[in-house]
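The next block holds one structure in the form of C-alpha cells; read it before the comments.
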Amino acid sequence: MDRIRYCAGRVLRALVTMAVVLSAVFLLLRLLPVEGYFGSRSDAMSDQVKEQVLRELGLLDPWYVQLKNFWSSLLRGDLGKSVVCRRGVDVVKIIGPKAAVSFRFGLAALLIEKLIGIPAGVLMARHRGQLFDRLGNIFILLVNALPAIVYYLLLQLGGSGLLGIRMLYTKGDIRSCILPVISLSLGGTASTAMWMRRYMADQMNMDYVRLARAKGMTSSQVSFRHVLRNAFVPMAQSLPSSVMFTISGSLYIESLYSIPGMGGLLITAIRRGDNPLVQALVLLYSGMSIAGMLLGDLLMALLDPRIRLNSE
Amino acid sequence: MTELERAEGRRASGETEPVLSVKELVVKFQLRGRELTALRGLSLDVCRGESLAVVGESGSGKSVLTKTFLGLLDDNGRISSGSILFDGCDLAKLSKERDWVKIRGGRIAMIFQDPMTALNPLRTVGGQIREALLLHGRLSRAEAKQRAIRLLDEVGIPEAARRYGQYPHEFSGGMRQRAVIAIAVACGPEILVCDEPTTALDVTVQAQILTLIRRLQKQYGLTVIFITHDLGVVAEIADRVAVMYAGDIVELGSCEEIFYDPRHPYTWALLSAMPQLSGKGRNLCAIRGTPPDLFYDIRGDAFAPRNPQALAVDFKVRPPYFEVSPTHRARTWLLDPRAPKIEPPEPVQRLREEGIRQLRRVEGKVL
C-alpha cells in the first residue's frame with residue numbers, strides 16, 4: 001500500500017517536473033538566433049520575407065501563446081520541420097530512424113557491459129587482492145586512463161586487420177557490428193565492474209553479513225543470498241537512464257565506423273543552425289533524463305522496501 | 001532427567017563440566033606492518049548451562065576472545081598458539097570454512113551489539129529466521145515458516161504471523177534485537193555468545209532483553225557467554241564473571257565473589273567506578289591513565305602503571321593465578337603470602353560489608 005502510494009506520488013512529481021522543465025527549455029530556446037529558421041537561403045531573403053517566415057512559424061506571437069501552441073503540437077507528436085539538414089522534413093522522421101540505429105548498438109553494448117561487468121565486479125570483490133581482482137583492476141585502470149579514442153582506433157585497426165572484419169558498418173552485415181559494439185561497451189564494462197566491486201565490498205563490511213556468517217552460512221551463500229542483491233540496488237537506479245540514453249549514440253564510434261546514428265546529430269544541427277531540430281533534440285534529452293530518473297526511482301522502490309517519498 | 005536438570009545438579013554439587021575450554025590462547029593481529037597481541041595466553045573454562053559474563057573496558061579483548069569461538073576473527077588476526085577445546089575438537093586448529101559452518105550457528109551462535117544493522121534491510125525478518133532454520137534443520141519451507149512464526153512469538157513479538165512478513169525497518173530497536181535472538185535460537189546452538197546485546201538499547205528495553213535471554217537459556221538449556229562493560233547487566237544475569245584487562249583474564253569468580261570479595265586492583269577500580277557506589281553528591285571515580293599499548297610486550301602486571309598502590313614486583317614479574325576459593329582466582333601479587341596488606345578502596349569495602357550482611361541474612365534463614 002505504502003509502495004503504491006510512493007509510486008503514484010513519484011509519477012505525479014515527474015509529470016510536474018517534466019511540464020516545468022520542457023516549458024522552461026522551450027522558452028530558453030526562444031533565445032536562439034533567428035537565422036536558424038531561414039535555412040541556407042537566408043542571405044537572399046529580404047527582411048520582409050524573413051518576417052513573413054517567422055510569422056508563419058508563430059515566432060512573433062507573445063511567449064504565452066507560443067508556449068500554448070508548443071504544448072498542443074507536442075501532445076500531437078509534432079515537433080516541427082527541419083529547415084536546414086533536410087528541409088521540410090518532420091524532425092520526428094529525421095530523429096526516429098537514427099535513434100533506432102543508435103539504440104540497437106547501445107542496447108547490445110549495455111547488455112555486454114552488465115553481463116560482463118557485474119559478474120566481474122562480484123568476483124573481484126569476493127577475491128579481493130587475488131589474481132582476478134588485480135587483473136580486473138589493471139583493466140579498469142587502463143580503460144579509464146587511456147583516452148578512449150586510442151583504444152577505439154586500436155580496436156578498429158587491430159580488429160579489422162586480425163579478424164578480417166570490414167572496417168566500416170554495413171547495413172545487414174552483423175559481423176560489421178562486432179567491433180563498434182565492443183568499443184562501445186568497454187568503458188561501461190570497466191565502470192560497471194568497478195562500482196559493483198565497490199558496492200559489494202561496502203555490503204560485505206555490514207553487520208548483517210557478520211550475523212549471517214555467525215549463523216553458519218558459507219561465504220558464497222552470504223554473497224549470493226544477501227550481499228549481491230543489496231549491492232545491486234544502487235546499480236539499478238541508473239539502469240533505466242542508461243537504457244534510454246543509448247539512443248543518443250556515440251559521436252566517436254559512429255563516425256569511426258560510419259554508423260548512421262544519432263551521435264553527431266545535435267552538434268550538426270547546432271552548427272548548421274537548424275533551430276527546430278536543435279529544439280526537438282534538446283527537449284528529447286531533457287524528457288529522457290526525467291523519465292530515466294523516474295523509472296530508476298520506481299525500480300529502487302521495487303527492490304528496497306525502505307524507500308518512501310517523505311522521510312517522516 | 002533433562003540436560004538442564006543435570007547441569008543444575010552438577011552446579012549444585014560444585015561439580016562443573018566444561019563445555020568449552022580455552023587454554024593459553026594467544027591471538028595476534030597484523031596492523032600497519034606491526035604486530036599486536038590482543039590475547040596474551042588466556043585460559044578459561046566455560047561450564048555447561050552457566051551464564052558467564054566477560055567484563056572489561058574497550059580494547060581488553062572481550063570480543064576478540066568470543067570471535068575465536070566462531071572463527072570470525074578479522075582477516076588480519078590469527079591464533080598464534082593455545083587451544084580451544086569444544087566437544088573433542090580444537091577450534092584453534094580449524095581453518096576451513098567447511099569445518100567452521102558446522103560449528104557456527106548450530107553449535108555456537110552469536111548475537112551482536114547493534115540490532116539496528118544486524119539484519120539485512122532488504123529481506124523480511126521472517127525470511128531471515130527461516131533461513132537459519134533451513135540451514136540447520138531438515139524442514140520444508142512451510143514447516144520452517146511455521147517454526148519461525150512460533151519463534152517470533154517465543155521471543156515476545158506480538159502478532160508474530162503478521163510481523164513475519166515485515167522488514168527490519170518496521171521493527172523497533174528492541175524488537176530487532178528480539179528478532180536477532182530468534183535467529184540465534186533458530187540455529188539450535190548449545191552455546192549462545194551475546195556481544196554487548198543491550199548496549200545500543202534504552203534501559204527499559206535492556207531489562208526486557210536480559211529477561212528474555214534468561215528465559216530462553218532455561219527453556220533451551222543454553223550456555224550463555226555475555227560480553228559487556230556494564231556491571232549492572234553482569235549483576236543481573238551472570239553466574240560467573242571473568243574480568244578482562246589487556247588481553248588476559250585478571251580475575252575469575254562467581255558473581256557474588258567478584259562483587260562482594262574482589263581481589264584484583266583492576267576489579268576494585270572497575271567496581272569503584274560504578275556510579276551507584278560513589279554515593280549521591282560525591283565525585284565519580286575514574287580509572288586514571290589508559291590501557292597499555294598491545295603492540296609492545298607487557299612486563300609484570302598489565303594494570304600496574306595505572307594502579308596507584310602497585311608493588312615493585314608488579315612492574316617486573318607477571319603474577320600467576322592465586323586461588324581464593326575453588327571457584328575464585330585472581331592474577332595479582334597481592335594474594336602472595338609475602339605481599340603487604342593493602343585495603344581495597346572505600347566503595348569496594350562498602351560492597352563487601354553489604355555482601356556480609358546479605359550472607360548473614362541468608363544464613364539466618366537457613367538456621
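Residues in the C-alpha cells are named by chain (A, B, ... in the order shown) and by number from 1 within that chain; ligands are numbered from 1 in the order shown.
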
Write down as a JSON list (two decimals) with C-alpha atoms, in the first residue's frame the residues of segment 223-352 of chain B whose backbone DSSP state falls under strand (DSSP E or B).
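This is the output file selection_17.json:
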[["chain", "number", "residue", "atom", "x", "y", "z"],
["B", 223, "THR", "CA", 25.23, -21.97, 27.91],
["B", 224, "VAL", "CA", 25.42, -18.19, 27.66],
["B", 225, "ILE", "CA", 28.58, -16.13, 27.35],
["B", 226, "PHE", "CA", 27.87, -12.48, 27.91],
["B", 227, "ILE", "CA", 30.26, -9.76, 26.84],
["B", 228, "THR", "CA", 29.59, -6.44, 28.47],
["B", 240, "ARG", "CA", 30.24, -16.34, 36.96],
["B", 241, "VAL", "CA", 32.27, -13.32, 35.95],
["B", 242, "ALA", "CA", 35.59, -13.09, 34.12],
["B", 243, "VAL", "CA", 37.28, -9.70, 34.37],
["B", 244, "MET", "CA", 39.49, -8.97, 31.39],
["B", 245, "TYR", "CA", 42.31, -6.47, 31.15],
["B", 248, "ASP", "CA", 44.02, -11.54, 29.74],
["B", 249, "ILE", "CA", 41.60, -12.57, 32.48],
["B", 250, "VAL", "CA", 42.80, -10.92, 35.68],
["B", 251, "GLU", "CA", 40.10, -12.28, 37.95],
["B", 252, "LEU", "CA", 37.52, -15.01, 37.64],
["B", 253, "GLY", "CA", 34.89, -15.97, 40.16],
["B", 254, "SER", "CA", 31.23, -16.38, 40.90],
["B", 322, "PHE", "CA", 46.26, -17.30, 43.08],
["B", 323, "GLU", "CA", 43.29, -19.34, 44.17],
["B", 324, "VAL", "CA", 40.98, -17.58, 46.60],
["B", 325, "SER", "CA", 38.39, -20.36, 46.58],
["B", 328, "HIS", "CA", 37.67, -17.83, 42.51],
["B", 329, "ARG", "CA", 41.13, -16.94, 41.21],
["B", 330, "ALA", "CA", 42.97, -13.72, 40.53]]

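The interface of chain B with chain A at 6 Å, considering only C-alpha atoms, consists of Val101, Arg104, Gly105, Thr117, Ala118, Leu119, Asn120 and Leu122 of chain B.
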
Atom CA of Lys28 of chain B to atom CA of Ser80 of chain B, straight-line distance in Å: 6.5 Å

Within 10 Å of segment 176-192 of chain A using only C-alpha atoms, minus same-chain residues under 4 positions, as a ChimeraX atom specification: /A:104-121,136-144,148-149,151-160,165-172,196-198,235,249-250,252-254,256-257,259

6 Å contact set for segment 292-299 of chain B, only C-alpha atoms, chain neighbours under 6 positions out, as a PyMOL selection string: chain B and resi 36-37+316

Nearest-residue call for Val49 of chain A, choices A:Leu283, A:Gly129, A:Tyr37, A:Met194, using only C-alpha atoms: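 So, comparing all the options, the nearest one is A:Tyr37.
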
Alpha helix (DSSP H) positions in segment 14-239 of chain A, given as a PyMOL selection string: chain A and resi 14-29+47-56+63-75+91-126+131-145+148-163+178-204+207-214+219-222+228-237+239
